[in-house]
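Trainee: What follows is my_file06.txt, made up of compact mmCIF, C-alpha atoms:
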# COMPACT_ATOMS: atom_id res chain seq x y z
CA MET A 816 -48.98 -15.08 54.61
CA GLY A 817 -51.33 -17.81 55.87
CA LYS A 818 -53.74 -19.59 53.56
CA ILE A 819 -56.81 -18.01 55.19
CA ALA A 820 -55.32 -14.50 54.99
CA ALA A 821 -54.33 -15.07 51.38
CA LEU A 822 -57.80 -16.33 50.54
CA MET A 823 -59.42 -13.32 52.23
CA LEU A 824 -57.11 -10.98 50.31
CA SER A 825 -57.99 -12.70 47.02
CA VAL A 826 -61.71 -12.34 47.73
CA PHE A 827 -61.23 -8.69 48.64
CA LEU A 828 -59.35 -8.01 45.41
CA LEU A 829 -62.02 -9.76 43.36
CA LEU A 830 -64.77 -7.77 45.05
CA SER A 831 -62.83 -4.55 44.52
CA GLN A 832 -62.40 -5.33 40.84
CA SER A 833 -66.12 -6.13 40.58
CA VAL A 834 -67.08 -2.79 42.14
CA ARG A 835 -64.71 -0.90 39.91
CA ALA A 836 -66.09 -2.68 36.87
CA GLU A 837 -69.62 -1.44 37.55
CA THR A 838 -68.90 2.19 36.67
CA VAL A 839 -66.02 3.19 34.45
CA LYS A 840 -65.36 6.89 34.85
CA ASN A 841 -63.88 9.57 32.60
CA ILE A 842 -63.89 7.61 29.36
CA THR A 843 -62.85 9.80 26.44
CA ALA A 844 -64.43 9.01 23.09
CA GLU A 845 -65.01 10.81 19.80
CA GLY A 846 -67.74 10.61 17.20
CA SER A 847 -68.22 12.11 13.78
CA CYS A 848 -70.84 12.33 11.07
CA ALA A 849 -70.72 13.73 7.55
CA ILE A 850 -73.82 15.56 6.33
CA VAL A 851 -75.47 13.48 3.63
CA GLY A 852 -79.25 13.52 3.17
CA MET A 853 -79.95 14.89 6.66
CA SER A 854 -80.11 18.14 8.57
CA ALA A 855 -77.17 19.56 10.49
CA GLU A 856 -79.11 18.87 13.70
CA GLN A 857 -79.53 15.19 12.83
CA CYS A 858 -75.86 14.90 11.88
CA GLN A 859 -74.81 16.39 15.22
CA LEU A 860 -76.96 13.89 17.11
CA ILE A 861 -75.54 10.96 15.16
CA ALA A 862 -72.01 12.15 15.92
CA LEU A 863 -72.94 12.27 19.60
CA GLN A 864 -74.57 8.83 19.40
CA ARG A 865 -71.41 7.43 17.87
CA ALA A 866 -69.24 8.96 20.61
CA ARG A 867 -71.49 7.37 23.24
CA ALA A 868 -71.27 4.03 21.47
CA MET A 869 -67.49 4.26 21.45
CA ALA A 870 -67.47 5.05 25.19
CA ILE A 871 -69.71 2.07 25.89
CA GLU A 872 -67.47 -0.10 23.69
CA GLN A 873 -64.49 0.80 25.84
CA ALA A 874 -66.35 0.05 29.08
CA ALA A 875 -68.20 -3.09 27.98
CA GLY A 876 -65.67 -4.52 25.55
CA MET A 877 -67.91 -4.73 22.50
CA SER A 878 -67.50 -3.69 18.88
CA VAL A 879 -69.50 -1.01 17.09
CA ALA A 880 -69.55 0.33 13.56
CA SER A 881 -66.69 2.71 12.81
CA SER A 882 -67.69 4.40 9.56
CA THR A 883 -67.55 8.20 9.51
CA LEU A 884 -70.10 8.43 6.71
CA VAL A 885 -73.52 7.69 8.22
CA THR A 886 -76.22 7.73 5.56
CA ASN A 887 -78.68 5.00 6.55
CA MET A 888 -80.63 3.55 9.42
CA ALA A 889 -78.43 0.46 9.76
CA LEU A 890 -75.38 2.25 11.15
CA THR A 891 -77.40 4.54 13.39
CA ALA A 892 -79.27 1.49 14.69
CA ASP A 893 -75.96 -0.13 15.63
CA PHE A 894 -75.01 2.90 17.72
CA ILE A 895 -78.34 2.95 19.53
CA LYS A 896 -78.31 -0.78 20.24
CA THR A 897 -75.13 -0.37 22.28
CA TYR A 898 -77.12 1.68 24.83
CA SER A 899 -78.35 -1.48 26.53
CA LYS A 900 -74.83 -2.91 26.89
CA GLY A 901 -73.66 -0.09 29.10
CA PHE A 902 -75.29 3.09 30.34
CA VAL A 903 -73.82 6.56 29.90
CA ILE A 904 -74.78 8.05 33.27
CA ASN A 905 -72.79 11.26 32.93
CA GLU A 906 -71.26 13.03 29.96
CA LYS A 907 -69.60 16.27 28.98
CA ALA A 908 -69.48 17.04 25.28
CA GLN A 909 -66.98 19.26 23.49
CA TRP A 910 -67.67 20.08 19.87
CA LEU A 911 -64.53 20.08 17.76
CA PRO A 912 -63.90 22.36 14.74
CA LEU A 913 -65.97 21.42 11.70
CA GLY A 914 -64.08 18.94 9.56
CA GLN A 915 -64.40 17.52 6.07
CA TYR A 916 -65.05 14.04 4.79
CA GLN A 917 -63.88 13.15 1.30
CA LYS A 918 -64.18 9.66 -0.13
CA ASP A 919 -61.49 10.29 -2.74
CA SER A 920 -60.05 13.09 -4.86
CA LYS A 921 -62.77 12.65 -7.49
CA THR A 922 -65.58 13.56 -5.07
CA PRO A 923 -66.14 16.92 -3.36
CA PRO A 924 -65.58 17.16 0.41
CA ILE A 925 -68.59 16.99 2.75
CA PRO A 926 -68.92 18.95 6.01
CA GLU A 927 -68.29 16.69 8.98
CA TYR A 928 -69.38 17.29 12.59
CA ARG A 929 -66.99 16.01 15.24
CA VAL A 930 -67.53 15.74 18.97
CA LYS A 931 -65.49 14.52 21.93
CA ILE A 932 -67.14 13.36 25.13
CA VAL A 933 -65.87 12.49 28.58
CA ALA A 934 -68.33 9.98 30.02
CA ASP A 935 -69.01 7.76 32.99
CA VAL A 936 -70.37 4.39 31.85
CA ARG A 937 -72.20 1.95 34.11
CA VAL A 938 -71.87 -1.66 32.98
CA PRO A 939 -74.75 -3.79 34.31
CA GLU A 940 -73.93 -6.95 36.27
CA PRO A 941 -77.01 -9.22 36.30
CA LYS A 942 -78.00 -10.40 39.78
CA ILE A 943 -81.03 -12.40 38.67
CA LYS A 944 -81.81 -15.57 36.79
CA PRO A 945 -82.61 -15.03 33.08
CA LEU A 946 -86.09 -13.57 32.59
CA GLY A 947 -86.41 -14.62 28.95
CA LEU A 948 -87.60 -11.22 27.80
CA LYS A 949 -88.57 -10.96 24.14
CA ALA A 950 -90.12 -8.00 22.34
CA LYS A 951 -91.02 -6.81 18.87
CA THR A 952 -92.80 -3.94 17.14
CA ASN A 953 -95.41 -4.12 14.40
CA SER A 954 -92.96 -2.44 12.00
CA ILE A 955 -89.39 -1.14 11.74
CA VAL A 956 -90.35 1.68 9.36
CA TYR A 957 -93.29 3.99 10.07
CA LYS A 958 -94.78 6.84 8.10
CA ASN A 959 -95.97 9.98 9.85
CA GLY A 960 -99.31 9.19 11.47
CA ASP A 961 -98.74 5.43 11.70
CA LYS A 962 -99.38 3.81 15.07
CA ALA A 963 -96.81 1.60 16.73
CA VAL A 964 -97.74 -1.51 18.69
CA ILE A 965 -95.30 -3.38 20.92
CA GLU A 966 -95.52 -7.00 21.95
CA ALA A 967 -93.48 -8.37 24.86
CA SER A 968 -93.23 -11.73 26.60
CA SER A 969 -91.10 -13.45 29.24
CA ILE A 970 -90.62 -16.90 30.71
CA ARG A 971 -90.82 -15.63 34.29
CA SER A 972 -93.13 -13.25 36.13
CA VAL A 973 -91.90 -9.69 35.65
CA LYS A 974 -92.75 -6.01 35.74
CA ILE A 975 -92.56 -4.41 32.30
CA ALA A 976 -91.75 -0.86 31.19
CA ILE A 977 -91.49 0.66 27.73
CA PHE A 978 -89.28 3.67 27.06
CA ASN A 979 -89.06 5.75 23.90
CA ILE A 980 -85.63 7.08 22.89
CA THR A 981 -86.67 9.98 20.68
CA ALA A 982 -85.01 11.79 17.80
CA ASP A 983 -84.47 14.91 19.92
CA ASP A 984 -82.22 12.94 22.30
CA LYS A 985 -84.78 12.48 25.05
CA VAL A 986 -86.07 9.36 26.82
CA VAL A 987 -89.72 8.99 27.85
CA MET A 988 -91.40 6.19 29.81
CA VAL A 989 -94.58 5.56 27.79
CA PHE A 990 -95.64 2.49 29.80
CA PRO A 991 -96.76 2.19 32.55
CA ASN A 992 -98.59 5.51 32.63
CA ASP A 993 -101.60 7.13 34.34
CA HIS A 994 -104.04 5.30 32.04
CA ASP A 995 -102.17 1.97 31.85
CA LYS A 996 -100.86 1.15 35.31
CA ASP A 997 -100.86 -2.64 35.39
CA ASN A 998 -97.40 -3.61 34.16
CA ARG A 999 -97.15 -7.08 35.69
CA LEU A 1000 -96.71 -9.96 33.33
CA SER A 1001 -97.00 -13.58 34.43
CA GLY A 1002 -94.53 -16.17 33.25
CA LYS A 1003 -95.19 -17.17 29.62
CA GLY A 1004 -97.71 -14.32 29.40
CA ARG A 1005 -97.86 -11.70 26.67
CA LEU A 1006 -98.16 -7.93 26.78
CA ILE A 1007 -99.61 -5.89 23.93
CA PHE A 1008 -99.18 -2.13 24.17
CA PRO A 1009 -101.25 -0.19 23.46
CA ASP A 1010 -104.06 -2.73 23.69
CA LYS A 1011 -107.59 -2.28 22.33
CA ASN A 1012 -108.97 -1.23 25.73
CA THR A 1013 -106.71 1.74 26.35
CA LYS A 1014 -106.94 5.38 25.29
CA THR A 1015 -103.18 5.47 24.74
CA GLU A 1016 -101.78 5.61 21.21
CA LEU A 1017 -98.20 5.58 19.97
CA VAL A 1018 -98.49 7.85 16.94
CA MET A 1019 -95.27 8.09 14.95
CA GLN A 1020 -94.05 11.50 13.81
CA THR A 1021 -90.80 12.91 12.48
CA LEU A 1022 -89.43 16.05 14.06
CA GLU A 1023 -90.46 19.24 12.29
CA GLY A 1024 -88.50 19.71 9.07
CA HIS A 1025 -87.02 16.18 9.13
CA GLN A 1026 -87.47 13.79 6.25
CA ARG A 1027 -86.65 10.77 8.40
CA ASP A 1028 -85.69 10.04 11.98
CA THR A 1029 -84.23 6.99 13.72
CA GLU A 1030 -85.60 6.27 17.18
CA ALA A 1031 -85.96 3.28 19.50
CA PHE A 1032 -88.11 1.60 22.09
CA LEU A 1033 -86.30 0.22 25.11
CA ILE A 1034 -88.38 -2.57 26.63
CA ALA A 1035 -87.28 -3.50 30.14
CA ALA A 1036 -88.38 -6.23 32.54
CA LEU A 1037 -87.76 -6.29 36.29
CA ASP A 1038 -87.70 -9.51 38.25
CA ASN A 1039 -91.10 -9.72 39.98
CA GLU A 1040 -89.39 -10.50 43.27
CA TYR A 1041 -87.46 -7.22 43.17
CA THR A 1042 -89.13 -4.79 45.56
CA LYS A 1043 -88.99 -1.67 43.39
CA ASP A 1044 -91.05 -0.89 40.30
CA PHE A 1045 -90.18 1.46 37.45
CA THR A 1046 -92.57 4.13 38.69
CA ASP A 1047 -90.64 4.29 41.97
CA ILE A 1048 -87.75 6.02 40.21
CA LEU A 1049 -89.19 7.35 36.93
CA MET A 1050 -92.15 9.56 36.04
CA PRO A 1051 -94.46 8.41 33.21
CA LEU A 1052 -94.50 10.52 30.05
CA GLU A 1053 -91.86 12.91 31.39
CA PRO A 1054 -89.05 13.54 28.86
CA MET A 1055 -85.61 13.19 30.40
CA SER A 1056 -82.16 13.97 29.06
CA PHE A 1057 -80.20 10.97 27.85
CA SER A 1058 -77.69 10.71 30.70
CA SER A 1059 -80.23 11.67 33.39
CA PHE A 1060 -82.48 8.79 32.35
CA PHE A 1061 -79.75 6.18 32.21
CA LYS A 1062 -78.32 7.31 35.53
CA LYS A 1063 -81.66 6.48 37.16
CA PHE A 1064 -82.24 3.34 35.10
CA SER A 1065 -78.79 2.02 35.98
CA ASP A 1066 -79.86 1.83 39.65
CA ILE A 1067 -82.16 -1.09 38.82
CA ALA A 1068 -80.41 -2.50 35.76
CA ASP A 1069 -78.76 -5.37 37.64
CA TYR A 1070 -82.24 -6.76 38.34
CA ALA A 1071 -83.60 -6.23 34.85
CA GLU A 1072 -83.39 -7.45 31.28
CA ASP A 1073 -83.94 -5.18 28.33
CA VAL A 1074 -84.45 -5.27 24.59
CA MET A 1075 -83.68 -2.37 22.26
CA LEU A 1076 -86.00 -2.07 19.23
CA VAL A 1077 -84.78 0.48 16.69
CA TYR A 1078 -87.17 1.89 14.11
CA GLU A 1079 -87.32 4.63 11.50
CA VAL A 1080 -90.00 7.28 10.92
CA VAL A 1081 -90.29 8.80 7.45
CA ASN A 1082 -92.17 11.82 6.16
CA PRO A 1083 -93.47 10.98 2.67
CA LYS A 1084 -94.40 14.62 2.03
CA ASP A 1085 -90.75 15.63 2.04
CA LYS A 1086 -89.68 13.08 -0.54
In structure tokens, what does this structure look like?

Mentor:
Amino acid sequence: MGKIAALMLSVFLLLSQSVRAETVKNITAEGSCAIVGMSAEQCQLIALQRARAMAIEQAAGMSVASSTLVTNMALTADFIKTYSKGFVINEKAQWLPLGQYQKDSKTPPIPEYRVKIVADVRVPEPKIKPLGLKAKTNSIVYKNGDKAVIEASSIRSVKIAIFNITADDKVVMVFPNDHDKDNRLSGKGRLIFPDKNTKTELVMQTLEGHQRDTEAFLIAALDNEYTKDFTDILMPLEPMSFSSFFKKFSDIADYAEDVMLVYEVVNPKDK
């Protein structure tokens, strides 16, 4: 084989590997959660979150927490943070027979939910220069009725969006919205949302009957030179299923940076 033909074949193989690496299909992963200090519904969601994190770990080559016993925000936060490393764009869940978790023979067994998923995971491949996105919230623990405020900045001109990953396994674009449409941020500028001039409020609330919930804000920035904006593919304030959202978001992810901010909402009345 001539040198030119060999070189062309090498380039073709590299491009083929790159394309294949973008979406890894039919990943099988399992998650589990033992019921301690939470509702059965919350435990099921955490088991599902863990399975998703394991699927993303396989696709993106990262490590996540492996403990079966999930009793605090820290472990749940680790699962959620993996969502920005790879996007579950399709999933089928199969709930396995209820199991038991037992620390040792001196402690009673605890009911354990177990789930197996088959997922397609899209691993983003940045096609832009670093945007320098940074973001923070005014707290990581909110009581019912508290108001969240998000601050974001970047080193380049970008278009910003803020998404809420809620405790009922939905994703909502809270910014931009019909009242707050200007989402452009100049380089070295700063975004405060909600600001003092808007009617929008981010009022924190646990789900009915829950003592505490773990949720997250996903702050994303699109390169200002990219032709599309978030509102071209997503509707403001419209709850979407987990995989439906990330399937759409993955279409622009190569031209974006994102930051995942995990927080907890507590209901003092239930303590």

Trainee: To one decimal place in Å, what is the distance between CA of Asp1038 in chain A and CA of Val938 in chain A?

Mentor: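 Separating CA of Asp1038 in chain A from CA of Val938 in chain A is a distance of 18.4 Å.
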
Trainee: CA of Leu1017 in chain A and CA of Thr1046 in chain A are how many Å apart?

Mentor: 19.6 Å

Trainee: Which one of A:Glu1030, A:Glu1040, A:Glu906, A:Glu1016 sits closest to Ser972 in chain A if you count only C-alpha atoms?

Mentor: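 Using only C-alpha atoms, the shortest distance to Ser972 in chain A belongs to A:Glu1040.
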
Trainee: Which of these, A:Arg1027, A:Asn998, A:Ile970, A:Ile1034, has the shortest distance to Lys944 in chain A once you count only C-alpha atoms?

Mentor: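 Among the listed residues, A:Ile970 lies closest to Lys944 in chain A.
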
Trainee: Using all atoms listed in the file, which residues sit within 7 Å of Gln909 in chain A once same-chain residues fewer than 4 positions away are excluded, as a list in words?

Mentor: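 Everything that qualifies: Val930, Lys931 and Ile932 of chain A.
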
Trainee: To box range 1047-1059 of chain A, take all atoms listed in the file, fit an axis-aligned box, add 4 Å on each side, and give centre and edge lengths in Å to one decimal, as JSON.

Mentor:
{"center_x": -86.1, "center_y": 9.1, "center_z": 34.9, "size_x": 24.8, "size_y": 17.7, "size_z": 22.1}

Trainee: Work out how far CA of Ser1065 in chain A is from CA of Gln873 in chain A, in Å to one decimal.

Mentor: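 The value is 17.6 Å.
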
Trainee: Between A:Lys907, A:Lys951, A:Lys962, A:Arg865, which has the minimum distance to Arg929 in chain A (counting all atoms listed in the file)?

Mentor: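 Of A:Lys907, A:Lys951, A:Lys962, A:Arg865, the one nearest Arg929 in chain A is A:Arg865, counting all atoms listed in the file.
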
Trainee: Using only C-alpha atoms, find all polymer residues with an atom at most 9 Å away from the point (-83.7, 12.5, 20.7); report them as a tab-separated table (two decimals) with C-alpha atoms, keeping the file's coordinate frame.

Mentor:
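Saved as point38.tsv:
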chain	number	residue	atom	x	y	z
A	860	LEU	CA	-76.96	13.89	17.11
A	980	ILE	CA	-85.63	7.08	22.89
A	981	THR	CA	-86.67	9.98	20.68
A	982	ALA	CA	-85.01	11.79	17.80
A	983	ASP	CA	-84.47	14.91	19.92
A	984	ASP	CA	-82.22	12.94	22.30
A	985	LYS	CA	-84.78	12.48	25.05
A	986	VAL	CA	-86.07	9.36	26.82
A	1029	THR	CA	-84.23	6.99	13.72
A	1030	GLU	CA	-85.60	6.27	17.18
A	1056	SER	CA	-82.16	13.97	29.06
A	1057	PHE	CA	-80.20	10.97	27.85

Trainee: Hey, which of A:Met869, A:Leu1076, A:Ile850, A:Met1019 ends up closest to Glu927 in chain A? Count only C-alpha atoms.

Mentor: A:Ile850

Trainee: Report as a list in words all protein, DNA and RNA residues lying within 10 Å of Arg867 in chain A, evaluated on all atoms listed in the file, omitting residues in the same chain fewer than 4 positions from it.

Mentor: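 Neighbouring residues, sequence-local ones excluded: Ile842, Thr843, Ala844, Glu845, Gly846, Ile861, Ala862, Leu863, Ile871, Glu872, Gln873, Phe894, Ile895, Thr897, Tyr898, Gly901, Phe902, Val903, Glu906, Lys931, Ile932, Val933, Ala934 and Val936 of chain A.
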
Trainee: Of the candidates A:Ala963, A:Ala855, A:Val987, A:Met1075, which one gets nearest to Phe1032 in chain A if we count only C-alpha atoms?

Mentor: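 The shortest atom-to-atom distance to Phe1032 in chain A comes from A:Met1075.
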
Trainee: A:Asn905, A:Ser969, A:Ser954, A:Asn1082: which is nearest Leu1022 in chain A, counting only C-alpha atoms?

Mentor: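 Of the candidates, the smallest distance to Leu1022 in chain A is held by A:Asn1082.
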
Trainee: With all atoms listed in the file as the counted atoms, please give the residues lying no more than 8 Å from range 1049-1055 of chain A, apart from itself and same-chain residues fewer than 6 positions off, as a PDB file with C-alpha atoms, in the coordinates of the input.

Mentor:
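File written: part_32.pdb
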ATOM      1  CA  LYS A 985     -84.780  12.480  25.050  1.00  0.00           C
ATOM      2  CA  VAL A 986     -86.070   9.360  26.820  1.00  0.00           C
ATOM      3  CA  VAL A 987     -89.720   8.990  27.850  1.00  0.00           C
ATOM      4  CA  MET A 988     -91.400   6.190  29.810  1.00  0.00           C
ATOM      5  CA  VAL A 989     -94.580   5.560  27.790  1.00  0.00           C
ATOM      6  CA  PHE A 990     -95.640   2.490  29.800  1.00  0.00           C
ATOM      7  CA  PRO A 991     -96.760   2.190  32.550  1.00  0.00           C
ATOM      8  CA  ASN A 992     -98.590   5.510  32.630  1.00  0.00           C
ATOM      9  CA  ASP A 993    -101.600   7.130  34.340  1.00  0.00           C
ATOM     10  CA  LYS A1063     -81.660   6.480  37.160  1.00  0.00           C
TER      11      LYS A1063
END

Trainee: Which residues come within 9 Å of Gly947 in chain A, counting only C-alpha atoms, excluding same-chain residues fewer than 2 positions away, as JSON, numbers by chain?

Mentor: {"A": [945, 949, 968, 969, 970, 971, 1072]}

Trainee: Using C-alpha atoms, can you export the residues from the last selection as a tab-separated table (two decimals), keeping the file's coordinate frame?

Mentor:
chain	number	residue	atom	x	y	z
A	945	PRO	CA	-82.61	-15.03	33.08
A	949	LYS	CA	-88.57	-10.96	24.14
A	968	SER	CA	-93.23	-11.73	26.60
A	969	SER	CA	-91.10	-13.45	29.24
A	970	ILE	CA	-90.62	-16.90	30.71
A	971	ARG	CA	-90.82	-15.63	34.29
A	1072	GLU	CA	-83.39	-7.45	31.28

Trainee: Neighbouring residues of Val839 in chain A were defined as those with any atom within 7 Å, considering all atoms listed in the file; residues of the same chain fewer than 5 positions away were excluded. Please report them as a list in words.

Mentor: Ala874, Asp935, Val936 and Arg937 of chain A

Trainee: Could you write range 940-956 of chain A as an mmCIF file, keeping the file's coordinate frame, with N, CA and C atoms rebuilt where they are missing?

Mentor:
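Wrote part.cif, looks like this:
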data_model
loop_
_atom_site.group_PDB
_atom_site.id
_atom_site.type_symbol
_atom_site.label_atom_id
_atom_site.label_comp_id
_atom_site.auth_asym_id
_atom_site.auth_seq_id
_atom_site.Cartn_x
_atom_site.Cartn_y
_atom_site.Cartn_z
ATOM 1 N N GLU A 940 -74.393 -5.629 35.835
ATOM 2 C CA GLU A 940 -73.930 -6.950 36.270
ATOM 3 C C GLU A 940 -75.146 -7.716 36.772
ATOM 4 N N PRO A 941 -75.758 -8.544 35.945
ATOM 5 C CA PRO A 941 -77.010 -9.220 36.300
ATOM 6 C C PRO A 941 -76.917 -9.958 37.629
ATOM 7 N N LYS A 942 -77.924 -9.731 38.478
ATOM 8 C CA LYS A 942 -78.000 -10.400 39.780
ATOM 9 C C LYS A 942 -79.263 -11.247 39.877
ATOM 10 N N ILE A 943 -79.795 -11.618 38.721
ATOM 11 C CA ILE A 943 -81.030 -12.400 38.670
ATOM 12 C C ILE A 943 -80.863 -13.552 37.691
ATOM 13 N N LYS A 944 -81.760 -14.513 37.791
ATOM 14 C CA LYS A 944 -81.810 -15.570 36.790
ATOM 15 C C LYS A 944 -82.398 -14.980 35.505
ATOM 16 N N PRO A 945 -82.078 -15.561 34.338
ATOM 17 C CA PRO A 945 -82.610 -15.030 33.080
ATOM 18 C C PRO A 945 -84.135 -14.932 33.107
ATOM 19 N N LEU A 946 -84.634 -13.798 32.612
ATOM 20 C CA LEU A 946 -86.090 -13.570 32.590
ATOM 21 C C LEU A 946 -86.713 -13.990 31.265
ATOM 22 N N GLY A 947 -85.884 -14.194 30.255
ATOM 23 C CA GLY A 947 -86.410 -14.620 28.950
ATOM 24 C C GLY A 947 -87.236 -13.569 28.258
ATOM 25 N N LEU A 948 -86.836 -12.311 28.412
ATOM 26 C CA LEU A 948 -87.600 -11.220 27.800
ATOM 27 C C LEU A 948 -87.428 -11.226 26.280
ATOM 28 N N LYS A 949 -88.559 -11.122 25.595
ATOM 29 C CA LYS A 949 -88.570 -10.960 24.140
ATOM 30 C C LYS A 949 -89.536 -9.840 23.793
ATOM 31 N N ALA A 950 -89.229 -9.103 22.733
ATOM 32 C CA ALA A 950 -90.120 -8.000 22.340
ATOM 33 C C ALA A 950 -89.975 -7.731 20.852
ATOM 34 N N LYS A 951 -91.051 -7.191 20.286
ATOM 35 C CA LYS A 951 -91.020 -6.810 18.870
ATOM 36 C C LYS A 951 -92.037 -5.704 18.641
ATOM 37 N N THR A 952 -91.850 -4.974 17.551
ATOM 38 C CA THR A 952 -92.800 -3.940 17.140
ATOM 39 C C THR A 952 -93.541 -4.413 15.897
ATOM 40 N N ASN A 953 -94.635 -3.731 15.582
ATOM 41 C CA ASN A 953 -95.410 -4.120 14.400
ATOM 42 C C ASN A 953 -94.774 -3.641 13.104
ATOM 43 N N SER A 954 -93.684 -2.877 13.195
ATOM 44 C CA SER A 954 -92.960 -2.440 12.000
ATOM 45 C C SER A 954 -91.592 -1.909 12.427
ATOM 46 N N ILE A 955 -90.677 -1.802 11.478
ATOM 47 C CA ILE A 955 -89.390 -1.140 11.740
ATOM 48 C C ILE A 955 -89.295 0.171 10.966
ATOM 49 N N VAL A 956 -90.278 0.418 10.096
ATOM 50 C CA VAL A 956 -90.350 1.680 9.360
ATOM 51 C C VAL A 956 -91.787 2.182 9.416
#
